[in-house]
Every structure is written in C-alpha cells, then in structure tokens.
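Below is one structure, written out as structure tokens; the observations come after it.
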Amino acid sequence: MKLVVQVKLLPTSVQASALEATLRACNRAATYASRIAVARNLRDRNGLQREVYWELKAGFGLSAQPAVRVVKKVVDAYAAVRGRSRRVRGGGGSAVVFRPDAAQPFDDRCLSWRYDARTVSIWTVEGRLKGLRFACSPEQLKTLVQYRKGESDLVRRGGKWFLVATCDVPEPDAYAPVDWIGVDRGIVNLATTSDGSNFQGRRLGRCRRWQARKRAELQRKGTRSTTRRLARHAGKEKRHATQLNHRISKEIVLVAQRTGRGIAVEELGGIRERVRPRRDQRGTFSSWPFHQLGQFLAYKAKRAGVPFLEVDAAYTSQRCPRCGHTERANRPGRDRFCCRRCGLAGPADVVAGVNVRDRARSAWVFVTAPALSP
C-alpha cells in the first residue's frame with residue numbers, strides 16, 4: 001500500500017532562499033508548459049516534452065531532470081482535471097495556472113537522502129544544496145529507510161518547508177474475523193461502536209466555534225497585524241480534526257486487532273447531496289469530517305491486516321436490532337432509541353452501531369460463500 005511520510009526541512013536563510021527560487025522557477029515553467037499544452041492541444045507527456053523541453057531549460061534555468069518533472073507535473077494536472085469531469089479545450093481554452101509556491105516533485109536524480117545524518121541533497125536553480133537537515137519522528141525515519149520509493153514533493157506551507165515522500169509499505173494478509181465491530185459515525189458523537197465505546201465531538205465543536213469567533217473578530221479589524229494573525233490561525237481547525245480522527249481510528253483498529261474482529265462502517269458517500277440540513281446546521285454539517293475518519297479507519301485496518309467492510313447505511317438509526325421493526329418513531333430523540341414494537345431501548349448511536357455490525361455479519365457470509373458450480 002502507498003503511504004506518505006512528511007518530514008520538516010530545517011534550512012538556513014541562504015538555503016531557504018534557494019528553495020524558494022527553485023519552487024518559483026519550476027512553477028513559472030509549469031504555467032508556461034500548461035499554456036503551450038492548451039494552445040497546441042497537447043495532453044500526452046512525450047508530445048509536450050518534445051515541444052517545451054529546450055525552452056524550459058533555456059528560459060527558466062532548469063536542468064534536464066527537473067524539466068522532465070515539470071512536464072510530468074503539467075500532464076498529471078490535466079489528467080486530474082479530466083478525472084474531475086472538467087473539460088479543458090485546446091486552442092483558446094483556459095490553461096491550468098500553477099501557484100508560485102505549488103508543490104514540486106523530485107526524483108532520486110534530483111534528491112538524495114542520508115538517513116543516518118538526517119540530511120538531504122537537493123537540486124536548486126542556484127546549485128546543489130548538500131547537508132540540508134530534516135526532522136521527523138523515529139517511526140517516520142524507520143518507514144523512510146525501509147519503504148521509501150519514487151518521487152518526493154517539495155512543499156512550502158505557512159513559511160515552513162516540508163518533503164513529502166512516497167513509501168510502498170507491504171500489506172499483511174487480512175485474517176478471518178471471528179466477529180465485527182460496527183462503527184456509527186455522527187456529528188455530536190464522531191464515532192460510536194457496537195461495543196458501546198463513544199468518541200464525542202464536543203471538543204471539536206468547541207474548537208470550531210472558537211475559531212469562527214476569532215476569525216470574525218480579526219476580519220472586522222482588518223489591520224496588517226490581524227492579517228498576520230489570521231495567517232497563523234489558518235489550518236488549526238483542520239489539523240485539530242485530523243489529529244482527533246487519527247486518535248479515534250487508531251484506538252478502534254487496535255481493539256479490533258486485539259480481539260480478532262473486523263471493522264464495519266456505513267457507506268455514507270453522497271450524504272451531503274441527499275440531506276438538506278437547516279440553515280443553522282449547514283456550517284456544522286459541511287465541516288463534518290466523516291469521510292476522513294472512514295479513510296483513516298480503512299488504511300489503518302489494511303496496514304494492520306484487519307478486515308474492513310462498508311455496509312448499506314439505510315435506516316441503521318431507525319431499525320430495531322432485536323425484532324427488525326423499522327420506523328422513524330423508534331428514535332424519538334437524537335440520543336434515545338426505543339422500539340415501538342418490542343420496547344428495546346438504549347443509546348441511539350450504539351443501536352446504530354449494532355445494526356452496522358449485524359449487516360456486516362450478513363455481508364461477510366455472502367463474501368466468503370463458495371461459488372456454486374454450474
């Protein structure tokens with residue numbers, strides 16, 4: 001499986017200046033190549049490279065391999081545009097424009113690592129930078145040493161420099177689960193398992209409200225000082241939600257691995273298009289990080305060899321897991337479930353998690369059933 005490891009670069013002022021000049025030159029070259037690609041309707045890598053290779057070297061100060069990386073970056077950008085169903089027309093259409101500080105990929109010819117010294121050697125427009133220090137955790141360093149493969153991206157974010165390396169980590173074989181842990185994802189309770197474990201989102205909600213008030217306060221002032229403070233606050237809310245989702249998913253995967261069970265979640269794709277919240281709930285609903293939590297659960301389970309399954313989410317919060325009766329009135333409140341037929345009562349999110357677990361049991365029977373011979 002493909003994982004990315006992000007390490008922080010620790011450049012001197014001279015090294016930072018060279019990195020910035022390199023990033024700007026590469027992105028100016030990418031924008032130029034993008035305009036040529038649109039003007040001459042070139043979308044394949046070889047055709048575009050034949051057209052702009054020498055101009056990139058002569059006009060933007062790029063060496064041979066960085067020029068090739070820039071061409072591939074442009075081609076990949078248009079492939080991503082086509083993947084999002086946005087059509088880019090040749091001959092007069094709008095071209096993709098690259099930000100001056102957009103990430104730039106480097107391969108092993110432009111970037112080499114010295115793990116023991118925690119330094120890298122990287123090509124720049126001002127010459128090769130050797131002994132550029134980086135910082136990372138011991139676990140990240142171990143992953144880099146064992147599994148790093150392919151390109152690494154040079155990224156500048158918030159005035160800091162990072163290298164994002166791709167690692168090809170082997171996947172262990174998933175075991176046959178003895179049972180399943182159903183996980184219900186929500187806004188108030190970010191995750192609730194069929195075992196009754198509850199991961200509340202009140203702390204994240206308080207963080208979001210505080211950040212919103214602080215942004216509004218700083219935006220009203222509109223001074224240069226408040227602009228700098230807004231830049232420092234940018235991304236804090238996102239990083240907080242990401243850290244929380246990492247912690248929740250790690251704990252659930254560890255429990256599943258220890259007990260020999262699999263993990264089942266609801267398939268919530270397209271829920272924002274299907275549900276129309278009230279006006280006062282739109283901000284909370286749009287910032288609900290359920291997709292990220294599902295991704296974290298999936299890749300952490302895959303890395304640990306834990307079976308992972310997505311099941312139909314229809315009526316999991318309204319169905320009684322004991323008698324099967326499904327009715328909207330079974331859930332008289334957000335936190336309470338009470339079956340109108342058999343009287344089963346309990347926390348609504350736990351009941352939903354149990355329904356997810358039961359559907360995973362049924363789905364696993366069909367997945368593992370032997371194929372019938374004709």
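Every chain in the structure tokens has a letter given in the order shown (A, B, ...), and although residue numbers restart at 1 in each chain, ligands are simply numbered from 1 in the order shown.
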
Residues within 12 Å of range 246-248 of chain A, only C-alpha atoms, excluding chain neighbours under 3 positions, as a ChimeraX atom specification:
/A:183,185,189-193,197-201,239-243,251-255,289-290,292-300

If you keep C-alpha atoms, can you produce a file of those selected residues as a PDB file, in the first residue's frame?
```
ATOM      1  CA  VAL A 183     -18.960   1.869  13.818  1.00  0.00           C
ATOM      2  CA  ARG A 185     -20.283   7.984  12.544  1.00  0.00           C
ATOM      3  CA  ASN A 189     -20.624  11.686  18.588  1.00  0.00           C
ATOM      4  CA  LEU A 190     -17.911  11.374  15.951  1.00  0.00           C
ATOM      5  CA  ALA A 191     -17.840   7.582  16.293  1.00  0.00           C
ATOM      6  CA  THR A 192     -19.787   5.064  18.369  1.00  0.00           C
ATOM      7  CA  THR A 193     -19.008   1.359  18.259  1.00  0.00           C
ATOM      8  CA  SER A 197     -17.401   2.953  23.059  1.00  0.00           C
ATOM      9  CA  ASN A 198     -18.266   6.570  22.361  1.00  0.00           C
ATOM     10  CA  PHE A 199     -15.953   9.207  20.881  1.00  0.00           C
ATOM     11  CA  GLN A 200     -17.658  12.532  21.397  1.00  0.00           C
ATOM     12  CA  GLY A 201     -17.238  15.555  19.170  1.00  0.00           C
ATOM     13  CA  ARG A 239      -5.218  19.975  11.954  1.00  0.00           C
ATOM     14  CA  HIS A 240      -7.214  19.541  15.166  1.00  0.00           C
ATOM     15  CA  ALA A 241      -9.898  17.488  13.377  1.00  0.00           C
ATOM     16  CA  THR A 242      -7.232  15.390  11.635  1.00  0.00           C
ATOM     17  CA  GLN A 243      -5.439  14.607  14.894  1.00  0.00           C
ATOM     18  CA  GLU A 251      -7.973   3.076  19.005  1.00  0.00           C
ATOM     19  CA  ILE A 252     -10.734   1.260  17.092  1.00  0.00           C
ATOM     20  CA  VAL A 253      -8.230  -0.633  14.921  1.00  0.00           C
ATOM     21  CA  LEU A 254      -6.208  -1.688  17.977  1.00  0.00           C
ATOM     22  CA  VAL A 255      -9.323  -3.089  19.671  1.00  0.00           C
ATOM     23  CA  PRO A 289     -15.125  15.059   8.923  1.00  0.00           C
ATOM     24  CA  PHE A 290     -16.805  11.651   8.462  1.00  0.00           C
ATOM     25  CA  GLN A 292     -11.594  11.449   6.625  1.00  0.00           C
ATOM     26  CA  LEU A 293     -12.407   9.214   9.591  1.00  0.00           C
ATOM     27  CA  GLY A 294     -13.531   6.483   7.207  1.00  0.00           C
ATOM     28  CA  GLN A 295     -10.310   6.809   5.199  1.00  0.00           C
ATOM     29  CA  PHE A 296      -8.183   6.612   8.333  1.00  0.00           C
ATOM     30  CA  LEU A 297     -10.046   3.519   9.526  1.00  0.00           C
ATOM     31  CA  ALA A 298      -9.642   1.871   6.112  1.00  0.00           C
ATOM     32  CA  TYR A 299      -5.907   2.411   5.695  1.00  0.00           C
ATOM     33  CA  LYS A 300      -5.010   1.690   9.337  1.00  0.00           C
TER      34      LYS A 300
END
```

Among the residues of range 148-284 of chain A, find those DSSP assigns to strand (DSSP E or B) from the backbone and print them as a ChimeraX atom specification.
/A:148-157,160-168,180-185,189-193,198-200,262-267

Written file, previous selection with N, CA and C atoms, as an mmCIF file, in the first residue's frame:
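Once written, out.cif looks like this:
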```
data_model
loop_
_atom_site.group_PDB
_atom_site.id
_atom_site.type_symbol
_atom_site.label_atom_id
_atom_site.label_comp_id
_atom_site.auth_asym_id
_atom_site.auth_seq_id
_atom_site.Cartn_x
_atom_site.Cartn_y
_atom_site.Cartn_z
ATOM 1 N N ARG A 148 10.763 3.791 1.411
ATOM 2 C CA ARG A 148 10.648 4.947 0.500
ATOM 3 C C ARG A 148 10.905 4.509 -0.929
ATOM 4 N N LYS A 149 10.039 4.993 -1.821
ATOM 5 C CA LYS A 149 10.147 4.614 -3.217
ATOM 6 C C LYS A 149 9.484 5.673 -4.073
ATOM 7 N N GLY A 150 10.144 6.062 -5.161
ATOM 8 C CA GLY A 150 9.534 7.006 -6.096
ATOM 9 C C GLY A 150 9.845 8.449 -5.756
ATOM 10 N N GLU A 151 8.933 9.323 -6.142
ATOM 11 C CA GLU A 151 9.141 10.762 -6.022
ATOM 12 C C GLU A 151 8.887 11.263 -4.613
ATOM 13 N N SER A 152 9.474 12.434 -4.338
ATOM 14 C CA SER A 152 9.194 13.180 -3.113
ATOM 15 C C SER A 152 8.849 14.601 -3.509
ATOM 16 N N ASP A 153 7.859 15.188 -2.849
ATOM 17 C CA ASP A 153 7.392 16.527 -3.196
ATOM 18 C C ASP A 153 7.970 17.555 -2.240
ATOM 19 N N LEU A 154 8.488 18.643 -2.807
ATOM 20 C CA LEU A 154 8.925 19.788 -2.014
ATOM 21 C C LEU A 154 7.733 20.708 -1.813
ATOM 22 N N VAL A 155 7.401 20.985 -0.560
ATOM 23 C CA VAL A 155 6.191 21.752 -0.228
ATOM 24 C C VAL A 155 6.577 22.896 0.704
ATOM 25 N N ARG A 156 5.996 24.071 0.441
ATOM 26 C CA ARG A 156 6.125 25.194 1.359
ATOM 27 C C ARG A 156 4.739 25.529 1.891
ATOM 28 N N ARG A 157 4.622 25.528 3.227
ATOM 29 C CA ARG A 157 3.325 25.764 3.841
ATOM 30 C C ARG A 157 3.511 26.616 5.088
ATOM 31 N N LYS A 160 7.031 27.408 6.199
ATOM 32 C CA LYS A 160 7.863 26.270 6.572
ATOM 33 C C LYS A 160 8.009 25.339 5.382
ATOM 34 N N TRP A 161 9.110 24.579 5.383
ATOM 35 C CA TRP A 161 9.437 23.711 4.258
ATOM 36 C C TRP A 161 9.296 22.246 4.671
ATOM 37 N N PHE A 162 8.728 21.456 3.744
ATOM 38 C CA PHE A 162 8.499 20.044 4.003
ATOM 39 C C PHE A 162 8.863 19.226 2.771
ATOM 40 N N LEU A 163 9.226 17.973 3.011
ATOM 41 C CA LEU A 163 9.359 16.974 1.956
ATOM 42 C C LEU A 163 8.327 15.887 2.224
ATOM 43 N N VAL A 164 7.535 15.579 1.221
ATOM 44 C CA VAL A 164 6.509 14.547 1.335
ATOM 45 C C VAL A 164 6.958 13.373 0.480
ATOM 46 N N ALA A 165 7.358 12.292 1.133
ATOM 47 C CA ALA A 165 7.930 11.130 0.446
ATOM 48 C C ALA A 165 6.904 10.016 0.341
ATOM 49 N N THR A 166 6.916 9.322 -0.790
ATOM 50 C CA THR A 166 6.031 8.184 -1.009
ATOM 51 C C THR A 166 6.718 6.906 -0.548
ATOM 52 N N CYS A 167 5.998 6.101 0.233
ATOM 53 C CA CYS A 167 6.538 4.845 0.751
ATOM 54 C C CYS A 167 5.618 3.698 0.333
ATOM 55 N N ASP A 168 6.215 2.639 -0.197
ATOM 56 C CA ASP A 168 5.466 1.454 -0.623
ATOM 57 C C ASP A 168 5.568 0.412 0.485
ATOM 58 N N TRP A 180 -17.495 -8.811 14.166
ATOM 59 C CA TRP A 180 -17.303 -7.472 13.610
ATOM 60 C C TRP A 180 -17.564 -6.409 14.669
ATOM 61 N N ILE A 181 -16.894 -5.286 14.514
ATOM 62 C CA ILE A 181 -17.187 -4.086 15.302
ATOM 63 C C ILE A 181 -17.894 -3.103 14.379
ATOM 64 N N GLY A 182 -19.151 -2.813 14.695
ATOM 65 C CA GLY A 182 -19.888 -1.830 13.914
ATOM 66 C C GLY A 182 -19.588 -0.422 14.408
ATOM 67 N N VAL A 183 -19.305 0.493 13.478
ATOM 68 C CA VAL A 183 -18.960 1.869 13.818
ATOM 69 C C VAL A 183 -19.987 2.801 13.180
ATOM 70 N N ASP A 184 -20.675 3.539 14.039
ATOM 71 C CA ASP A 184 -21.629 4.557 13.572
ATOM 72 C C ASP A 184 -20.958 5.920 13.681
ATOM 73 N N ARG A 185 -20.900 6.660 12.558
ATOM 74 C CA ARG A 185 -20.283 7.984 12.544
ATOM 75 C C ARG A 185 -21.354 9.058 12.613
ATOM 76 N N ASN A 189 -21.569 12.750 18.244
ATOM 77 C CA ASN A 189 -20.624 11.686 18.588
ATOM 78 C C ASN A 189 -19.913 11.286 17.296
ATOM 79 N N LEU A 190 -18.633 11.605 17.203
ATOM 80 C CA LEU A 190 -17.911 11.374 15.951
ATOM 81 C C LEU A 190 -17.912 9.902 15.578
ATOM 82 N N ALA A 191 -17.807 9.020 16.551
ATOM 83 C CA ALA A 191 -17.840 7.582 16.293
ATOM 84 C C ALA A 191 -18.368 6.870 17.525
ATOM 85 N N THR A 192 -19.255 5.903 17.297
ATOM 86 C CA THR A 192 -19.787 5.064 18.369
ATOM 87 C C THR A 192 -19.739 3.630 17.890
ATOM 88 N N THR A 193 -19.144 2.745 18.672
ATOM 89 C CA THR A 193 -19.008 1.359 18.259
ATOM 90 C C THR A 193 -20.122 0.510 18.832
ATOM 91 N N ASN A 198 -17.734 5.330 22.929
ATOM 92 C CA ASN A 198 -18.266 6.570 22.361
ATOM 93 C C ASN A 198 -17.153 7.608 22.282
ATOM 94 N N PHE A 199 -16.956 8.163 21.096
ATOM 95 C CA PHE A 199 -15.953 9.207 20.881
ATOM 96 C C PHE A 199 -16.698 10.495 20.554
ATOM 97 N N GLN A 200 -16.830 11.340 21.540
ATOM 98 C CA GLN A 200 -17.658 12.532 21.397
ATOM 99 C C GLN A 200 -16.951 13.626 20.594
ATOM 100 N N GLY A 262 -13.289 -7.802 12.743
ATOM 101 C CA GLY A 262 -13.185 -6.850 11.658
ATOM 102 C C GLY A 262 -13.899 -5.561 12.002
ATOM 103 N N ILE A 263 -13.769 -4.565 11.115
ATOM 104 C CA ILE A 263 -14.384 -3.252 11.320
ATOM 105 C C ILE A 263 -15.373 -3.003 10.195
ATOM 106 N N ALA A 264 -16.580 -2.605 10.560
ATOM 107 C CA ALA A 264 -17.622 -2.292 9.582
ATOM 108 C C ALA A 264 -18.110 -0.875 9.807
ATOM 109 N N VAL A 265 -18.265 -0.120 8.731
ATOM 110 C CA VAL A 265 -18.771 1.247 8.796
ATOM 111 C C VAL A 265 -19.900 1.400 7.781
ATOM 112 N N GLU A 266 -20.659 2.466 7.946
ATOM 113 C CA GLU A 266 -21.715 2.774 6.993
ATOM 114 C C GLU A 266 -21.128 3.397 5.735
ATOM 115 N N GLU A 267 -21.706 3.081 4.604
ATOM 116 C CA GLU A 267 -21.330 3.713 3.347
ATOM 117 C C GLU A 267 -22.101 5.036 3.261
#
```

Output as a list in words all residues of range 88-171 of chain A that backbone DSSP marks as alpha helix (DSSP H).
Pro138, Glu139, Gln140, Leu141, Lys142, Thr143, Leu144, Val145, Gln146 and Tyr147 of chain A

Using only C-alpha atoms, which protein or nucleic acid residues come within 9 Å of range 331-347 of chain A? Drop anything in the same chain fewer than 6 positions from it, and give the result as a short mmCIF file (atom, residue, chain, number, x, y, z; two decimals) with N, CA and C atoms, in the first residue's frame.
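Result file is selection-v1.cif:
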```cif
data_model
loop_
_atom_site.label_atom_id
_atom_site.label_comp_id
_atom_site.auth_asym_id
_atom_site.auth_seq_id
_atom_site.Cartn_x
_atom_site.Cartn_y
_atom_site.Cartn_z
N GLY A 196 -20.20 -0.14 22.51
CA GLY A 196 -20.60 0.92 23.42
C GLY A 196 -19.56 2.01 23.61
N SER A 317 -30.27 3.83 11.92
CA SER A 317 -30.63 4.52 13.16
C SER A 317 -32.10 4.35 13.52
N GLN A 318 -32.90 3.70 12.65
CA GLN A 318 -34.33 3.53 12.91
C GLN A 318 -34.73 2.07 13.07
N ARG A 319 -33.82 1.15 12.79
CA ARG A 319 -34.17 -0.27 12.81
C ARG A 319 -33.86 -0.86 14.18
N CYS A 320 -34.76 -1.70 14.66
CA CYS A 320 -34.55 -2.40 15.93
C CYS A 320 -33.71 -3.65 15.67
N PRO A 321 -32.55 -3.78 16.31
CA PRO A 321 -31.71 -4.95 16.05
C PRO A 321 -32.26 -6.25 16.62
N ARG A 322 -33.27 -6.17 17.49
CA ARG A 322 -33.84 -7.40 18.08
C ARG A 322 -34.98 -7.94 17.26
N CYS A 323 -35.97 -7.09 16.92
CA CYS A 323 -37.14 -7.59 16.19
C CYS A 323 -37.17 -7.16 14.73
N HIS A 325 -38.04 -4.27 13.52
CA HIS A 325 -39.02 -3.24 13.21
C HIS A 325 -38.32 -1.92 12.89
#
```

So how far away is CA of Arg359 in chain A from CA of Gly305 in chain A, in Å?
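Atom-to-atom, CA of Gly305 in chain A and CA of Arg359 in chain A are spaced 20.9 Å apart.
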
Do you have the CA of Val75 in chain A-CA of Thr22 in chain A distance handy?
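Separation of CA of Val75 in chain A and CA of Thr22 in chain A: 19.9 Å.
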
For Leu42 in chain A, the closest of A:Leu62, A:Ala95, A:Leu56, A:Leu111 counting only C-alpha atoms is A:Ala95
